[in-house]
file upload21.tsv (TSV, C-alpha atoms)
chain	number	residue	atom	x	y	z
A	16	MET	CA	112.75	74.84	46.98
A	17	LYS	CA	109.96	76.53	45.07
A	18	THR	CA	106.66	76.44	46.94
A	19	ILE	CA	103.23	77.62	45.91
A	20	PHE	CA	103.65	80.40	48.46
A	21	SER	CA	106.74	81.43	46.47
A	22	THR	CA	104.65	81.39	43.31
A	23	LEU	CA	102.14	83.63	45.04
A	24	LEU	CA	104.87	86.03	46.04
A	25	THR	CA	106.06	86.26	42.46
A	26	SER	CA	102.57	86.79	41.11
A	27	PHE	CA	101.91	89.59	43.58
A	28	ARG	CA	105.12	91.48	42.84
A	29	ARG	CA	104.02	93.83	40.13
A	30	ARG	CA	105.54	97.06	38.93
A	31	PRO	CA	103.36	100.14	38.58
A	32	GLU	CA	102.27	100.81	35.03
A	33	SER	CA	103.42	104.23	33.89
A	34	SER	CA	100.06	104.95	32.25
A	35	ASP	CA	98.34	104.56	35.59
A	36	PHE	CA	100.55	107.04	37.43
A	37	ALA	CA	100.69	110.37	35.67
A	38	PHE	CA	101.98	112.30	38.66
A	39	SER	CA	105.26	113.37	40.17
A	40	SER	CA	107.55	110.90	41.90
A	41	SER	CA	106.67	112.20	45.35
A	42	THR	CA	103.17	113.54	45.97
A	43	GLU	CA	101.46	114.31	49.26
A	44	LYS	CA	97.78	114.95	49.90
A	45	LYS	CA	96.46	115.66	53.37
A	46	SER	CA	92.72	116.03	52.85
A	47	ARG	CA	91.09	112.97	54.43
A	48	TRP	CA	92.23	109.55	55.50
A	49	ILE	CA	94.12	106.45	54.29
A	50	PRO	CA	96.62	103.87	55.79
A	51	ALA	CA	99.34	101.65	54.41
A	52	PHE	CA	102.17	99.16	55.15
A	53	ALA	CA	105.91	99.23	54.74
A	54	GLY	CA	108.21	96.72	53.15
A	55	MET	CA	108.97	93.43	54.82
A	56	THR	CA	111.98	91.18	54.97
A	57	THR	CA	112.38	87.88	56.73
A	58	GLY	CA	115.06	85.52	57.89
A	59	ARG	CA	112.63	82.62	57.71
A	60	SER	CA	111.90	80.63	54.58
A	61	SER	CA	110.07	82.36	51.76
A	62	ALA	CA	106.95	80.33	52.55
A	63	ILE	CA	106.12	82.52	55.54
A	64	PHE	CA	106.70	85.75	53.66
A	65	SER	CA	104.60	84.43	50.80
A	66	ALA	CA	101.83	83.35	53.14
A	67	LEU	CA	101.59	86.93	54.35
A	68	THR	CA	101.74	88.14	50.77
A	69	LEU	CA	98.87	85.82	49.98
A	70	ILE	CA	96.74	87.55	52.58
A	71	VAL	CA	97.47	91.22	52.12
A	72	LEU	CA	99.98	91.70	49.35
A	73	LEU	CA	102.87	92.68	51.58
A	74	ASN	CA	105.44	93.83	49.06
A	75	GLY	CA	108.19	96.34	49.71
A	76	CYS	CA	108.19	97.74	46.15
A	77	VAL	CA	104.48	98.28	45.62
A	78	GLU	CA	102.48	98.71	48.80
A	79	THR	CA	99.50	100.38	50.42
A	80	ARG	CA	99.25	100.92	54.16
A	81	PHE	CA	96.45	102.28	56.29
A	82	GLU	CA	96.66	104.50	59.36
A	83	SER	CA	93.78	102.87	61.24
A	84	PRO	CA	91.95	99.52	61.26
A	85	LEU	CA	88.60	98.99	59.57
A	86	GLY	CA	86.03	100.27	62.07
A	87	ASP	CA	85.44	99.26	65.68
A	88	ASN	CA	83.85	95.83	65.23
A	89	ILE	CA	86.99	93.78	64.71
A	90	GLU	CA	86.80	90.06	65.41
A	91	THR	CA	89.48	87.48	66.06
A	92	CYS	CA	87.67	84.60	64.34
A	93	ASP	CA	85.65	83.72	61.28
A	94	THR	CA	84.61	80.08	61.61
A	95	HIS	CA	84.49	79.62	57.84
A	96	TRP	CA	88.28	79.81	57.77
A	97	LYS	CA	88.67	76.87	60.13
A	98	GLY	CA	90.51	74.02	58.49
A	99	LEU	CA	93.40	73.50	56.07
A	100	TRP	CA	93.65	75.65	52.94
A	101	SER	CA	95.85	75.64	49.87
A	102	ILE	CA	96.22	77.65	46.70
A	103	GLU	CA	94.66	76.33	43.48
A	104	LYS	CA	96.16	73.13	42.06
A	105	PRO	CA	99.00	72.62	44.57
A	106	ASN	CA	101.73	70.09	43.85
A	107	SER	CA	101.63	67.24	46.33
A	108	ASP	CA	105.32	67.52	47.22
A	109	GLU	CA	105.35	71.27	47.79
A	110	PRO	CA	104.06	72.50	51.17
A	111	ALA	CA	101.71	75.40	50.63
A	112	ALA	CA	99.01	75.54	53.24
A	113	LEU	CA	97.35	77.68	55.87
A	114	TRP	CA	95.88	76.03	58.94
A	115	ILE	CA	93.19	77.66	61.09
A	116	ASP	CA	92.49	75.46	64.11
A	117	GLU	CA	89.40	75.12	66.33
A	118	GLU	CA	90.54	78.07	68.43
A	119	CYS	CA	90.91	80.17	65.25
A	120	ARG	CA	94.70	80.38	65.42
A	121	PHE	CA	95.87	81.31	61.93
A	122	THR	CA	99.11	79.52	60.99
A	123	ALA	CA	101.25	78.90	57.95
A	124	LEU	CA	102.66	75.41	57.52
A	125	ASP	CA	106.33	75.91	56.79
A	126	GLN	CA	108.95	73.35	55.79
A	127	PRO	CA	112.42	74.80	56.45
A	128	GLU	CA	114.10	71.85	54.71
A	129	LYS	CA	112.67	69.72	51.93
A	130	GLY	CA	111.87	66.27	53.24
A	131	GLY	CA	111.96	67.48	56.83
A	132	PRO	CA	109.22	68.13	59.40
A	133	PHE	CA	106.83	71.06	59.16
A	134	LYS	CA	106.70	74.05	61.45
A	135	GLN	CA	103.56	75.97	62.27
A	136	ILE	CA	104.05	79.75	62.31
A	137	HIS	CA	101.27	81.80	63.88
A	138	ILE	CA	100.10	84.86	61.91
A	139	PRO	CA	97.88	87.32	63.82
A	140	VAL	CA	94.85	87.97	61.62
A	141	ASN	CA	91.65	89.85	62.44
A	142	TYR	CA	88.32	89.89	60.63
A	143	VAL	CA	85.77	92.60	59.88
A	144	HIS	CA	82.23	92.01	58.59
A	145	ASP	CA	80.38	95.05	57.27
A	146	ASP	CA	77.39	95.53	55.00
A	147	GLY	CA	77.66	92.02	53.56
A	148	ASN	CA	81.40	92.24	52.92
A	149	ASP	CA	84.25	90.47	54.70
A	150	TYR	CA	87.75	91.79	55.32
A	151	LEU	CA	91.11	90.72	56.75
A	152	VAL	CA	93.07	93.19	58.88
A	153	ILE	CA	96.69	92.69	59.97
A	154	SER	CA	98.72	95.08	62.10
A	155	ASP	CA	102.41	95.54	61.39
A	156	VAL	CA	103.07	95.45	65.14
A	157	GLY	CA	101.50	91.99	65.29
A	158	LEU	CA	104.02	90.72	62.75
A	159	LYS	CA	107.04	91.39	64.95
A	160	GLY	CA	108.99	88.21	65.52
A	161	ILE	CA	107.64	86.70	62.29
A	162	VAL	CA	109.09	89.07	59.75
A	163	GLU	CA	110.89	92.39	59.82
A	164	VAL	CA	108.44	95.15	58.94
A	165	LYS	CA	109.97	98.46	58.00
A	166	ALA	CA	108.36	101.75	58.90
A	167	PRO	CA	105.88	103.19	56.39
A	168	TYR	CA	107.86	104.73	53.56
A	169	GLY	CA	108.46	108.48	53.84
A	170	ILE	CA	106.07	109.03	56.78
A	171	ASP	CA	107.40	111.35	59.52
A	172	PRO	CA	106.80	111.01	62.37
A	173	VAL	CA	106.63	107.24	62.11
A	174	PRO	CA	103.20	105.97	63.29
A	175	ALA	CA	103.06	103.59	66.23
A	176	LYS	CA	101.40	101.04	63.97
A	177	SER	CA	99.80	100.71	60.56
A	178	PHE	CA	97.51	98.17	58.95
A	179	PHE	CA	97.15	95.90	55.93
A	180	PHE	CA	93.73	95.17	54.46
A	181	ALA	CA	92.32	92.53	52.14
A	182	LYS	CA	88.80	91.65	51.14
A	183	TYR	CA	87.62	88.06	50.91
A	184	ARG	CA	84.60	86.06	49.85
A	185	ALA	CA	83.96	82.61	51.33
A	186	ARG	CA	82.13	80.18	49.07
A	187	GLY	CA	81.84	76.65	50.40
A	188	ASP	CA	85.22	74.96	50.13
A	189	ARG	CA	87.00	77.93	48.63
A	190	ILE	CA	87.91	81.46	49.69
A	191	GLU	CA	88.54	84.24	47.19
A	192	VAL	CA	90.99	86.90	48.37
A	193	PHE	CA	90.97	90.39	46.85
A	194	SER	CA	94.10	92.44	47.45
A	195	VAL	CA	94.22	96.23	47.68
A	196	ASP	CA	94.46	97.86	44.24
A	197	ASP	CA	97.52	100.04	44.83
A	198	ALA	CA	97.15	101.98	41.59
A	199	ALA	CA	93.51	102.79	42.25
A	200	VAL	CA	94.19	103.94	45.81
A	201	ALA	CA	97.13	106.06	44.67
A	202	LYS	CA	94.91	107.81	42.13
A	203	LEU	CA	92.25	108.47	44.77
A	204	VAL	CA	94.90	110.13	46.95
A	205	VAL	CA	96.35	112.17	44.10
A	206	ASP	CA	92.85	113.28	43.08
A	207	GLU	CA	92.26	114.35	46.71
A	208	LYS	CA	89.39	111.94	47.11
A	209	LEU	CA	91.28	110.22	49.92
A	210	PRO	CA	93.76	111.81	52.34
A	211	GLY	CA	97.23	110.38	52.36
A	212	THR	CA	100.58	110.32	50.61
A	213	VAL	CA	101.90	108.78	47.42
A	214	SER	CA	105.59	108.25	46.68
A	215	LYS	CA	106.50	106.85	43.26
A	216	THR	CA	109.74	106.06	41.45
A	217	ALA	CA	110.34	104.08	38.29
A	218	ASN	CA	110.07	100.75	40.11
A	219	GLU	CA	108.32	101.52	43.37
A	220	LEU	CA	104.96	102.80	44.58
A	221	HIS	CA	104.27	103.55	48.25
A	222	VAL	CA	100.80	104.67	49.33
A	223	PHE	CA	99.83	105.68	52.86
A	224	VAL	CA	96.16	106.40	53.58
A	225	ARG	CA	95.28	108.56	56.55
A	226	GLY	CA	92.14	108.52	58.67
A	227	ASP	CA	90.46	107.10	61.75
A	228	ARG	CA	88.55	103.84	62.11
A	229	LYS	CA	85.26	105.31	60.94
A	230	GLN	CA	86.87	106.86	57.87
A	231	MET	CA	88.55	103.54	56.99
A	232	LEU	CA	85.20	101.80	57.07
A	233	GLU	CA	83.53	104.48	54.97
A	234	MET	CA	86.36	104.19	52.46
A	235	SER	CA	85.86	100.45	52.12
A	236	ARG	CA	82.14	100.99	51.55
A	237	HIS	CA	82.28	103.76	48.97
A	238	ASP	CA	85.66	103.69	47.24
A	239	ALA	CA	86.92	100.99	44.89
A	240	ILE	CA	90.12	100.17	46.77
A	241	PHE	CA	90.25	96.41	46.14
A	242	ALA	CA	91.09	94.47	43.00
A	243	SER	CA	88.11	93.42	40.90
A	244	LYS	CA	89.37	89.85	40.48
A	245	PRO	CA	90.39	87.49	43.30
A	246	LYS	CA	94.02	86.50	43.60
A	247	PRO	CA	94.64	84.07	45.13
A	248	ILE	CA	91.80	81.59	45.51
A	249	LEU	CA	92.20	79.22	48.44
A	250	TYR	CA	90.84	75.69	48.34
A	251	ARG	CA	90.05	73.50	51.31
A	252	ILE	CA	92.35	70.51	51.82
A	253	LYS	CA	90.33	67.68	53.34
A	254	GLN	CA	93.17	66.42	55.50
A	255	THR	CA	94.49	67.18	58.96
A	256	PRO	CA	97.81	69.07	59.12
A	257	ALA	CA	99.53	65.84	60.18
A	258	GLU	CA	98.06	63.94	57.23
A	259	TYR	CA	99.01	66.70	54.84
A	260	GLU	CA	102.57	66.80	56.22
A	261	GLN	CA	102.99	63.05	55.76
A	262	THR	CA	101.56	63.22	52.23
A	263	VAL	CA	104.03	65.93	51.24
A	264	ILE	CA	107.06	64.29	52.86
A	265	GLN	CA	106.27	60.88	51.37
A	266	SER	CA	105.93	62.43	47.93
A	267	GLN	CA	109.23	64.26	48.35
A	268	HIS	CA	111.05	61.08	49.41
A	269	ALA	CA	109.52	59.15	46.52
A	270	LYS	CA	110.96	61.64	44.03
A	271	LYS	CA	114.51	61.45	45.40
A	272	PRO	CA	116.97	60.03	42.82

call {"tool": "encode", "arguments": {"input": "upload21.tsv", "output": "structure tokens"}}
result
Amino acid sequence: MKTIFSTLLTSFRRRPESSDFAFSSSTEKKSRWIPAFAGMTTGRSSAIFSALTLIVLLNGCVETRFESPLGDNIETCDTHWKGLWSIEKPNSDEPAALWIDEECRFTALDQPEKGGPFKQIHIPVNYVHDDGNDYLVISDVGLKGIVEVKAPYGIDPVPAKSFFFAKYRARGDRIEVFSVDDAAVAKLVVDEKLPGTVSKTANELHVFVRGDRKQMLEMSRHDAIFASKPKPILYRIKQTPAEYEQTVIQSQHAKKP
């Protein structure tokens, strides 16, 4: 079954443009700081993987990971996220939603079998607010049990944990999510403006940015590490999860031959 989360996953899987990467296939710079994430695989339905992709562009072929989280003031809740959210123009019979409850638990609504009941899968997400900007931070360690997260590509010794970042902008009943611009970060590392490593092949790009919490925050303030256009944009669904589940299941049953 194709879900909107699956569509998101497809849209996020991009190959590095050769014109953007005029450097050797394996380059290492150790000047400053930068973190990144490794590839992920999952035994669950693609909806969960795609929900994570939606947040931080977790993609095993093109990825950026960070060594430390964004600063020291990391929160477990942003009340604006509370509620039910879907990608733009969802089909009524395709489950594609994130649910953040009153206690700020961040969950993906997953339907293992079309026409069957939903499952709620918790995703550990943290929030950072700095200088008028808002960020999502996810630790690879926190994803254990949800998906299989491989170690950061080519990093030895393997760090105890690494982090994914995304920037977001909340506007009323929609949230714009800006993923990390892998090509831009890779160039910053190669140009020795950020410390880290870059490993590139014809079809893959792995970036690892080194640094401590303070350096991560300074990077987000002064370096253009996020995409200029939001993708995806989340829209509030004005239903409860139970209402949304029934709407989807009823629509699926109605379309059965």

call {"tool": "closest_residue", "arguments": {"input": "upload21.tsv", "among": "A:Ala185, A:Val192, A:Val224, A:Leu124", "to": "Arg80 of chain A", "atoms": "all atoms listed in the file"}}
result
A:Val224

call {"tool": "closest_atom_pairs", "arguments": {"input": "upload21.tsv", "of": "segment 207-237 of chain A", "to": "segment 164-178 of chain A", "cutoff": "10 Å", "atoms": "all atoms listed in the file", "output": "Markdown table"}}
result
| residue | atom | partner | partner_atom | distance |
| --- | --- | --- | --- | --- |
| A:Gly211 | CA | A:Ile170 | CA | 10.0 |
| A:Thr212 | CA | A:Ile170 | CA | 8.4 |
| A:Val213 | CA | A:Gly169 | CA | 9.2 |
| A:Ser214 | CA | A:Gly169 | CA | 7.7 |
| A:Leu220 | CA | A:Tyr168 | CA | 9.6 |
| A:His221 | CA | A:Tyr168 | CA | 6.5 |
| A:Val222 | CA | A:Tyr168 | CA | 8.2 |
| A:Phe223 | CA | A:Pro167 | CA | 7.4 |
| A:Val224 | CA | A:Ser177 | CA | 9.7 |
| A:Arg225 | CA | A:Ser177 | CA | 9.9 |

call {"tool": "atom_distance", "arguments": {"input": "upload21.tsv", "atom1": "atom CA of Gly147 of chain A", "atom2": "atom CA of Leu232 of chain A"}}
result
12.8 Å

call {"tool": "closest_residue", "arguments": {"input": "upload21.tsv", "among": "A:Glu207, A:Glu219, A:Glu260, A:Asp197", "to": "Ile240 of chain A", "atoms": "all atoms listed in the file"}}
result
A:Asp197

call {"tool": "residues_around", "arguments": {"input": "upload21.tsv", "residues": "Asn88 of chain A", "least_positions_apart": "4", "cutoff": "10 Å", "atoms": "only C-alpha atoms", "output": "ChimeraX atom specification"}}
result
/A:84,142-145,228

call {"tool": "write_last_selection", "arguments": {"input": "upload21.tsv", "atoms": "C-alpha atoms", "output": "PDB file, keeping the file's coordinate frame"}}
result
ATOM      1  CA  PRO A  84      91.950  99.520  61.260  1.00  0.00           C
ATOM      2  CA  TYR A 142      88.320  89.890  60.630  1.00  0.00           C
ATOM      3  CA  VAL A 143      85.770  92.600  59.880  1.00  0.00           C
ATOM      4  CA  HIS A 144      82.230  92.010  58.590  1.00  0.00           C
ATOM      5  CA  ASP A 145      80.380  95.050  57.270  1.00  0.00           C
ATOM      6  CA  ARG A 228      88.550 103.840  62.110  1.00  0.00           C
TER       7      ARG A 228
END

call {"tool": "atom_distance", "arguments": {"input": "upload21.tsv", "atom1": "atom CA of His137 of chain A", "atom2": "atom CA of Gly86 of chain A"}}
result
24.0 Å

call {"tool": "atom_distance", "arguments": {"input": "upload21.tsv", "atom1": "atom CA of Thr255 of chain A", "atom2": "atom CA of Gln135 of chain A"}}
result
13.1 Å

call {"tool": "residues_around", "arguments": {"input": "upload21.tsv", "residues": "Pro245 of chain A", "least_positions_apart": "6", "cutoff": "8 Å", "atoms": "all atoms listed in the file", "output": "list of chain:residue names"}}
result
A:Glu191, A:Val192, A:Phe193, A:Ser194

call {"tool": "residues_around", "arguments": {"input": "upload21.tsv", "residues": "Val195 of chain A", "least_positions_apart": "5", "cutoff": "9 Å", "atoms": "all atoms listed in the file", "output": "number ranges by chain"}}
result
A: 71-72, 78-79, 179-182, 200, 240-242

call {"tool": "residues_near_point", "arguments": {"input": "upload21.tsv", "point": "(89.3, 78.7, 65.0)", "cutoff": "10 Å", "atoms": "all atoms listed in the file", "output": "VMD selection string"}}
result
chain A and resid 91 to 98 114 to 121
